[in-house]
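Chemist: My questions will all concern the structure given below.
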Amino acid sequence: MPTTFHEIPRKRPTTPLLDRANTPDGLRRLGEAELETLADELRLELLYTVGQTGGHFGAGLGVIELTIALHYVFDTPDDRLVWDVGHQAYPHKILTGRRERMSTLRQKDGVAAFPRRSESEYDTFGVGHSSTSISAALGMAIAARLQNSDRKAIAVIGDGALTAGMAFEALNHAPEVNANMLVILNDNDMSISRNVGGLSNYLAKILSSRTYASMREGSKKVLSRLPGAWEIARRTEEYAKGMLVPGTLFEELGWNYIGPIDGHDLPTLIATLRNMRDLKGPQFLHVVTKKGKGFAPAEVDPIVYHAITKLEPVDAPVAPKATSGPKYSGVFGQWLCDMAEADSRLVGITPAMKEGSDLVAFSERFPQRYFDVAIAEQHAVTLAAGMACEGAKPVVAIYSTFLQRGYDQLIHDVAVQNLDVLFAIDRAGLVGEDGPTHAGSFDLSYLRCIPGMLVMTPSDENELRKMLTTGHLYNGPAAVRYPRGNGPNATIENELQPIEIGKGVVRRQGQNVALLVFGVQVAEALKVAETLNATVVDMRFVKPLDEALVRDIAGSHELLVTIEENAIMGGAGGAVSEFLARENILKSMLHLGLPDSYVEHAKPAQMLAECGLDGAGIEASVRERMQLLTK
């Protein structure tokens, strides 16, 4: 059994076995008797690595033994291993040639937070969002068959990822095409069964053995000649399995279910995987692990230790904290509770982001009006639509990048029916070290094209509170998008007062250049405006656009500069240009925003500077354009 550690090491641990197993080839040269010690070393190395860089590690600690067993038994990278969700994959990265680069994890130009095909041949599929592994592995298995290849396809799905509908779509399809693939359910929250122990492990070995498989196939051939006999035998087998193991659902879908087995028992894992490696057809292995296994604090509180920040050196000087306001998510959480007190129709919905979206207080104060639907974004949106049909006022708290997964439902189930659903869109814009899969780069583009949609971009904490109230009172679908992190410490008004829809505000009056800002870049724009003597407009609304204000500003300035932390293509700046073109108003324009490329992981400030959205970048772009106009 794994050794339990109580502290994160600040010095690199001594790991003689891991030093020989930096690649799967090296790992496979170890004896099975050495693997338990290797697991302890890998767990200690993971603790040290994440302590140096920060990042996810609770799920990774739980799959140490499984990661070792998979690379030990299968011929990776020729055999395709797909991780889902991707933050389980840190141990995989350490064992696949990236150990020495793990000190750059989640840093600019360093190792990515999730599997990436461009980073390693062992990362067979890029994973940022969850519940994609079974579909991807199925595609790989079908491709292998078409290419007459006997390579294996293995999907490891866990940490709640099996709650999404896409996973079940793939589970339903694989038996239809009789795919030779293995799905491993990493059940790290006892989500299906607590039936783990000696009997379960023993049964798993028996049911996955070649002897049992041969007997099963032989019996099938014999009994298939007798009318009804094979069907009786099949149902008898399923009944026996169902009495002892919780695999009836998967068996009914057409999978050969094995488990549950202890995911921290290396000998059982290796024996079972060897048995299942060459079985034909869709195979399903249920492995039960403990999130945070081997690190005592994470075992006690896996939610808090889902991820950690970088450990600072013990003797490091304490830097004074910069003055900043509350987190935008905290402002939302407080507003939600306040509005719930004022309006009994309000309900809160989130797809597994209670802590991230700051819904903890709401869930405790209004448990009957709080709904966490797990990792099921499509369901979250349509659930809200159904509630709105019956007079409720749903608020869907969701990250920008995750709302992309519910886009069809947003259009067809909410917008087409003009239902009163408010989307509180967190993590809008660049989110930093998690990289492009988690960035909220496109929400303004994909929202403003939807008829009837109210789209708002607050510039500070107080504006966020007002806009949430405005969206809640709006008759139809509304969205408020706000970034990760803290606001500029604006004074927050406690009243639940809306603002006038479709009206921007001039924050500074200048000459020649007007900075039309959609969102939190207003603070930087005001600094730049002081050196350029520019006008700064807090546009507030992407849809409906304040056309009267744009027309007035265009008539009194030589250059209009739109600024947004969203893709330039299709973004809020495009709305301004489209209006001016429609009105036949010729005006020099400069659109600043996210480029037509994926912005790689780095510190948020580094990413903004790379995109020219910090103060220096905005000023440089404006001066360059003014020089062109002068010429």
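Chain identifiers are assigned as A, B, and so on, following the order in which chains appear in the structure tokens; residues are numbered from 1 within each chain, and ligands are numbered from 1 in order of appearance.
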Neighbouring residues of Leu162 of chain A were defined as those with any atom within 10 Å, considering only C-alpha atoms; residues of the same chain fewer than 3 positions away were excluded. Please report them as a PDB file with all heavy atoms, in the first residue's frame.

Modeler:
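result_19.pdb written:
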ATOM      1  N   ASP A  84      -8.398  11.601 -19.210  1.00  0.00           N
ATOM      2  CA  ASP A  84      -9.614  12.407 -19.141  1.00  0.00           C
ATOM      3  C   ASP A  84     -10.121  12.344 -17.691  1.00  0.00           C
ATOM      4  O   ASP A  84     -10.510  11.280 -17.227  1.00  0.00           O
ATOM      5  CB  ASP A  84     -10.635  11.810 -20.100  1.00  0.00           C
ATOM      6  CG  ASP A  84     -11.957  12.529 -20.167  1.00  0.00           C
ATOM      7  OD1 ASP A  84     -12.076  13.588 -19.544  1.00  0.00           O
ATOM      8  OD2 ASP A  84     -12.863  12.027 -20.845  1.00  0.00           O
ATOM      9  N   VAL A  85     -10.068  13.437 -16.939  1.00  0.00           N
ATOM     10  CA  VAL A  85      -9.673  14.758 -17.345  1.00  0.00           C
ATOM     11  C   VAL A  85      -8.156  14.896 -17.326  1.00  0.00           C
ATOM     12  O   VAL A  85      -7.465  14.128 -16.680  1.00  0.00           O
ATOM     13  CB  VAL A  85     -10.322  15.835 -16.439  1.00  0.00           C
ATOM     14  CG1 VAL A  85     -11.798  15.946 -16.695  1.00  0.00           C
ATOM     15  CG2 VAL A  85     -10.095  15.511 -14.957  1.00  0.00           C
ATOM     16  N   SER A 130     -13.445  17.967 -20.106  1.00  0.00           N
ATOM     17  CA  SER A 130     -13.602  16.574 -19.709  1.00  0.00           C
ATOM     18  C   SER A 130     -14.495  15.799 -20.670  1.00  0.00           C
ATOM     19  O   SER A 130     -15.113  16.358 -21.574  1.00  0.00           O
ATOM     20  CB  SER A 130     -14.221  16.516 -18.311  1.00  0.00           C
ATOM     21  OG  SER A 130     -15.600  16.816 -18.384  1.00  0.00           O
ATOM     22  N   SER A 131     -14.527  14.484 -20.444  1.00  0.00           N
ATOM     23  CA  SER A 131     -15.517  13.578 -21.038  1.00  0.00           C
ATOM     24  C   SER A 131     -15.319  13.325 -22.525  1.00  0.00           C
ATOM     25  O   SER A 131     -16.244  12.899 -23.210  1.00  0.00           O
ATOM     26  CB  SER A 131     -16.946  14.105 -20.781  1.00  0.00           C
ATOM     27  OG  SER A 131     -17.081  14.556 -19.454  1.00  0.00           O
ATOM     28  N   THR A 132     -14.121  13.554 -23.022  1.00  0.00           N
ATOM     29  CA  THR A 132     -13.833  13.364 -24.441  1.00  0.00           C
ATOM     30  C   THR A 132     -13.071  12.073 -24.723  1.00  0.00           C
ATOM     31  O   THR A 132     -12.953  11.664 -25.878  1.00  0.00           O
ATOM     32  CB  THR A 132     -12.998  14.533 -24.979  1.00  0.00           C
ATOM     33  OG1 THR A 132     -11.778  14.635 -24.227  1.00  0.00           O
ATOM     34  CG2 THR A 132     -13.755  15.852 -24.854  1.00  0.00           C
ATOM     35  N   SER A 133     -12.544  11.425 -23.695  1.00  0.00           N
ATOM     36  CA  SER A 133     -11.573  10.345 -23.910  1.00  0.00           C
ATOM     37  C   SER A 133     -12.164   9.124 -24.605  1.00  0.00           C
ATOM     38  O   SER A 133     -11.509   8.503 -25.444  1.00  0.00           O
ATOM     39  CB  SER A 133     -10.969   9.912 -22.572  1.00  0.00           C
ATOM     40  OG  SER A 133     -11.979   9.452 -21.687  1.00  0.00           O
ATOM     41  N   ILE A 134     -13.397   8.766 -24.262  1.00  0.00           N
ATOM     42  CA  ILE A 134     -13.959   7.535 -24.845  1.00  0.00           C
ATOM     43  C   ILE A 134     -14.222   7.735 -26.326  1.00  0.00           C
ATOM     44  O   ILE A 134     -13.926   6.857 -27.143  1.00  0.00           O
ATOM     45  CB  ILE A 134     -15.242   7.123 -24.089  1.00  0.00           C
ATOM     46  CG1 ILE A 134     -14.959   6.973 -22.589  1.00  0.00           C
ATOM     47  CG2 ILE A 134     -15.789   5.811 -24.652  1.00  0.00           C
ATOM     48  CD1 ILE A 134     -16.179   6.652 -21.752  1.00  0.00           C
ATOM     49  N   ILE A 157     -10.882   7.598 -17.818  1.00  0.00           N
ATOM     50  CA  ILE A 157     -11.856   8.653 -17.554  1.00  0.00           C
ATOM     51  C   ILE A 157     -12.164   8.692 -16.063  1.00  0.00           C
ATOM     52  O   ILE A 157     -12.396   7.660 -15.439  1.00  0.00           O
ATOM     53  CB  ILE A 157     -13.141   8.450 -18.384  1.00  0.00           C
ATOM     54  CG1 ILE A 157     -14.105   9.615 -18.199  1.00  0.00           C
ATOM     55  CG2 ILE A 157     -13.803   7.114 -18.093  1.00  0.00           C
ATOM     56  CD1 ILE A 157     -15.232   9.642 -19.220  1.00  0.00           C
ATOM     57  N   GLY A 158     -12.115   9.899 -15.479  1.00  0.00           N
ATOM     58  CA  GLY A 158     -12.345   9.980 -14.044  1.00  0.00           C
ATOM     59  C   GLY A 158     -12.505  11.395 -13.563  1.00  0.00           C
ATOM     60  O   GLY A 158     -12.637  12.332 -14.347  1.00  0.00           O
ATOM     61  N   ASP A 159     -12.473  11.558 -12.229  1.00  0.00           N
ATOM     62  CA  ASP A 159     -12.640  12.853 -11.570  1.00  0.00           C
ATOM     63  C   ASP A 159     -13.940  13.520 -12.004  1.00  0.00           C
ATOM     64  O   ASP A 159     -13.988  14.715 -12.261  1.00  0.00           O
ATOM     65  CB  ASP A 159     -11.443  13.760 -11.860  1.00  0.00           C
ATOM     66  CG  ASP A 159     -11.150  14.685 -10.681  1.00  0.00           C
ATOM     67  OD1 ASP A 159     -11.400  14.263  -9.541  1.00  0.00           O
ATOM     68  OD2 ASP A 159     -10.694  15.820 -10.895  1.00  0.00           O
ATOM     69  N   GLY A 165     -22.822  13.854 -20.817  1.00  0.00           N
ATOM     70  CA  GLY A 165     -23.543  13.046 -21.793  1.00  0.00           C
ATOM     71  C   GLY A 165     -22.682  12.528 -22.910  1.00  0.00           C
ATOM     72  O   GLY A 165     -22.921  11.437 -23.452  1.00  0.00           O
ATOM     73  N   MET A 166     -21.659  13.273 -23.305  1.00  0.00           N
ATOM     74  CA  MET A 166     -20.798  12.849 -24.405  1.00  0.00           C
ATOM     75  C   MET A 166     -20.143  11.500 -24.116  1.00  0.00           C
ATOM     76  O   MET A 166     -19.972  10.670 -25.020  1.00  0.00           O
ATOM     77  CB  MET A 166     -19.726  13.909 -24.666  1.00  0.00           C
ATOM     78  CG  MET A 166     -18.817  13.600 -25.831  1.00  0.00           C
ATOM     79  SD  MET A 166     -17.648  14.939 -26.114  1.00  0.00           S
ATOM     80  CE  MET A 166     -16.686  14.241 -27.464  1.00  0.00           C
ATOM     81  N   ALA A 167     -19.763  11.273 -22.861  1.00  0.00           N
ATOM     82  CA  ALA A 167     -19.149  10.001 -22.500  1.00  0.00           C
ATOM     83  C   ALA A 167     -20.113   8.840 -22.751  1.00  0.00           C
ATOM     84  O   ALA A 167     -19.726   7.780 -23.262  1.00  0.00           O
ATOM     85  CB  ALA A 167     -18.715  10.024 -21.036  1.00  0.00           C
ATOM     86  N   PHE A 168     -21.391   9.040 -22.452  1.00  0.00           N
ATOM     87  CA  PHE A 168     -22.361   7.971 -22.641  1.00  0.00           C
ATOM     88  C   PHE A 168     -22.707   7.777 -24.115  1.00  0.00           C
ATOM     89  O   PHE A 168     -23.056   6.667 -24.533  1.00  0.00           O
ATOM     90  CB  PHE A 168     -23.612   8.249 -21.807  1.00  0.00           C
ATOM     91  CG  PHE A 168     -23.397   8.005 -20.345  1.00  0.00           C
ATOM     92  CD1 PHE A 168     -22.969   9.019 -19.515  1.00  0.00           C
ATOM     93  CD2 PHE A 168     -23.583   6.740 -19.812  1.00  0.00           C
ATOM     94  CE1 PHE A 168     -22.737   8.793 -18.170  1.00  0.00           C
ATOM     95  CE2 PHE A 168     -23.366   6.505 -18.471  1.00  0.00           C
ATOM     96  CZ  PHE A 168     -22.940   7.535 -17.641  1.00  0.00           C
ATOM     97  N   LEU A 185     -12.469   3.355 -15.883  1.00  0.00           N
ATOM     98  CA  LEU A 185     -13.140   4.352 -15.059  1.00  0.00           C
ATOM     99  C   LEU A 185     -12.344   4.531 -13.778  1.00  0.00           C
ATOM    100  O   LEU A 185     -12.272   3.630 -12.947  1.00  0.00           O
ATOM    101  CB  LEU A 185     -14.572   3.919 -14.728  1.00  0.00           C
ATOM    102  CG  LEU A 185     -15.287   4.779 -13.681  1.00  0.00           C
ATOM    103  CD1 LEU A 185     -15.387   6.235 -14.136  1.00  0.00           C
ATOM    104  CD2 LEU A 185     -16.666   4.215 -13.363  1.00  0.00           C
ATOM    105  N   ASN A 186     -11.721   5.693 -13.637  1.00  0.00           N
ATOM    106  CA  ASN A 186     -11.041   6.032 -12.391  1.00  0.00           C
ATOM    107  C   ASN A 186     -12.071   6.651 -11.460  1.00  0.00           C
ATOM    108  O   ASN A 186     -12.306   7.851 -11.476  1.00  0.00           O
ATOM    109  CB  ASN A 186      -9.889   7.002 -12.658  1.00  0.00           C
ATOM    110  CG  ASN A 186      -9.302   7.545 -11.367  1.00  0.00           C
ATOM    111  OD1 ASN A 186      -9.323   6.873 -10.341  1.00  0.00           O
ATOM    112  ND2 ASN A 186      -8.804   8.769 -11.414  1.00  0.00           N
ATOM    113  N   ASP A 187     -12.683   5.816 -10.672  1.00  0.00           N
ATOM    114  CA  ASP A 187     -13.758   6.235  -9.767  1.00  0.00           C
ATOM    115  C   ASP A 187     -13.117   6.722  -8.472  1.00  0.00           C
ATOM    116  O   ASP A 187     -12.865   5.960  -7.560  1.00  0.00           O
ATOM    117  CB  ASP A 187     -14.674   5.037  -9.534  1.00  0.00           C
ATOM    118  CG  ASP A 187     -15.835   5.342  -8.599  1.00  0.00           C
ATOM    119  OD1 ASP A 187     -15.930   6.489  -8.141  1.00  0.00           O
ATOM    120  OD2 ASP A 187     -16.628   4.429  -8.338  1.00  0.00           O
ATOM    121  N   SER A 191     -18.287   7.051  -6.825  1.00  0.00           N
ATOM    122  CA  SER A 191     -19.493   7.550  -7.474  1.00  0.00           C
ATOM    123  C   SER A 191     -20.421   6.445  -7.949  1.00  0.00           C
ATOM    124  O   SER A 191     -21.586   6.685  -8.188  1.00  0.00           O
ATOM    125  CB  SER A 191     -19.103   8.435  -8.667  1.00  0.00           C
ATOM    126  OG  SER A 191     -18.320   7.701  -9.588  1.00  0.00           O
ATOM    127  N   ALA A 374     -23.198  18.571 -11.999  1.00  0.00           N
ATOM    128  CA  ALA A 374     -21.946  17.889 -12.333  1.00  0.00           C
ATOM    129  C   ALA A 374     -21.451  18.355 -13.703  1.00  0.00           C
ATOM    130  O   ALA A 374     -21.921  19.365 -14.222  1.00  0.00           O
ATOM    131  CB  ALA A 374     -22.106  16.374 -12.266  1.00  0.00           C
ATOM    132  N   ILE A 375     -20.515  17.635 -14.285  1.00  0.00           N
ATOM    133  CA  ILE A 375     -19.906  18.090 -15.538  1.00  0.00           C
ATOM    134  C   ILE A 375     -20.882  17.794 -16.678  1.00  0.00           C
ATOM    135  O   ILE A 375     -20.773  16.795 -17.391  1.00  0.00           O
ATOM    136  CB  ILE A 375     -18.551  17.407 -15.771  1.00  0.00           C
ATOM    137  CG1 ILE A 375     -17.604  17.692 -14.600  1.00  0.00           C
ATOM    138  CG2 ILE A 375     -17.917  17.921 -17.064  1.00  0.00           C
ATOM    139  CD1 ILE A 375     -16.283  16.958 -14.680  1.00  0.00           C
ATOM    140  N   ALA A 376     -21.860  18.658 -16.821  1.00  0.00           N
ATOM    141  CA  ALA A 376     -22.922  18.450 -17.809  1.00  0.00           C
ATOM    142  C   ALA A 376     -23.457  19.816 -18.227  1.00  0.00           C
ATOM    143  O   ALA A 376     -24.558  20.214 -17.863  1.00  0.00           O
ATOM    144  CB  ALA A 376     -24.035  17.585 -17.211  1.00  0.00           C
TER     145      ALA A 376
END

Chemist: Hey, what's within 10 Å of Pro544 of chain A if we count only C-alpha atoms and toss same-chain stuff fewer than 5 positions away? As a VMD selection string, please?

Modeler: chain A and resid 448 452 to 456 501 to 503 575

Chemist: Could you please write out, as number ranges by chain, every residue of segment 439-561 of chain A that DSSP assigns to alpha helix (DSSP H)?

Modeler: A: 443-448, 461-473, 522-532, 547-556

Chemist: With distances taken over only C-alpha atoms, which residue among A:Ile258, A:Ala69, A:Leu105, A:Val331 lies nearest Glu493 of chain A?

Modeler: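 Smallest distance to Glu493 of chain A is found for A:Val331.
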
Chemist: Please run DSSP on the backbone and report, as a compact mmCIF listing (two decimals) with C-alpha atoms, in the first residue's frame, all residues within segment 419-577 of chain A that come out as strand (DSSP E).

Modeler:
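This is the output file states-v7.txt:
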# COMPACT_ATOMS: atom_id res chain seq x y z
CA LEU A 422 -29.11 34.87 -16.77
CA PHE A 423 -25.65 33.55 -17.58
CA ALA A 424 -22.97 34.66 -15.12
CA ILE A 425 -19.91 33.94 -17.25
CA ASP A 426 -16.78 33.63 -15.14
CA LEU A 454 -28.36 40.95 -23.74
CA VAL A 455 -24.53 40.98 -23.43
CA MET A 456 -22.77 43.08 -20.79
CA ALA A 478 -28.89 37.82 -20.63
CA ALA A 479 -25.17 37.37 -20.10
CA VAL A 480 -22.64 39.14 -17.90
CA ARG A 481 -19.02 38.16 -18.58
CA VAL A 505 -20.51 56.01 -20.11
CA VAL A 506 -17.74 58.46 -20.99
CA ARG A 507 -15.15 58.04 -18.23
CA ARG A 508 -12.70 60.64 -19.53
CA ASN A 512 -8.63 63.14 -31.35
CA VAL A 513 -8.47 59.56 -30.04
CA ALA A 514 -11.33 57.70 -28.36
CA LEU A 515 -10.75 54.41 -26.54
CA LEU A 516 -13.98 52.40 -26.59
CA VAL A 517 -13.51 49.74 -23.92
CA PHE A 518 -15.59 46.61 -23.36
CA THR A 535 -11.31 60.02 -24.52
CA VAL A 536 -12.21 56.83 -22.65
CA VAL A 537 -15.65 55.29 -23.07
CA ASP A 538 -16.85 52.43 -20.89
CA PHE A 541 -23.02 46.76 -23.50
CA VAL A 542 -21.89 44.66 -26.44
CA LYS A 543 -25.51 44.02 -27.29
CA HIS A 557 -12.67 62.08 -32.91
CA GLU A 558 -10.19 61.16 -35.63
CA LEU A 559 -9.47 57.61 -34.45
CA LEU A 560 -11.70 55.11 -32.67
CA VAL A 561 -9.89 52.34 -30.80
CA THR A 562 -11.91 49.38 -29.50
CA ILE A 563 -10.43 47.34 -26.65
CA GLU A 564 -11.64 43.96 -25.45
CA GLU A 565 -10.22 40.78 -23.90
CA ASN A 566 -11.93 38.64 -26.51
CA ALA A 567 -11.09 37.47 -30.02

Chemist: One decimal, Å: what's the distance from atom CA of Gly440 of chain A over to atom CA of Pro483 of chain A, could you say?

Modeler: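 Separation of atom CA of Gly440 of chain A and atom CA of Pro483 of chain A: 8.5 Å.
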
Chemist: Find the residue from A:Ser441, A:Asn486, A:Gln417, A:Ser135 that sits nearest to Pro595 of chain A; use only C-alpha atoms when measuring.

Modeler: A:Ser441

Chemist: Could you work out how far atom CA of Val156 of chain A lies from atom CA of Arg277 of chain A, giving the answer in Å with one decimal?

Modeler: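 Answer for the atom CA of Arg277 of chain A to atom CA of Val156 of chain A separation: 14.2 Å.
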
Chemist: With distances taken over only C-alpha atoms, which residue among A:Val111, A:Leu44, A:Leu182, A:Ala33 lies nearest His601 of chain A?

Modeler: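 That would be A:Val111, the residue with the smallest distance to His601 of chain A.
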
Chemist: Grab the atom CA of Asp343 of chain A to atom CA of Gln404 of chain A distance for me, in Å with one decimal place.

Modeler: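 Distance between the two atoms: 28.8 Å.
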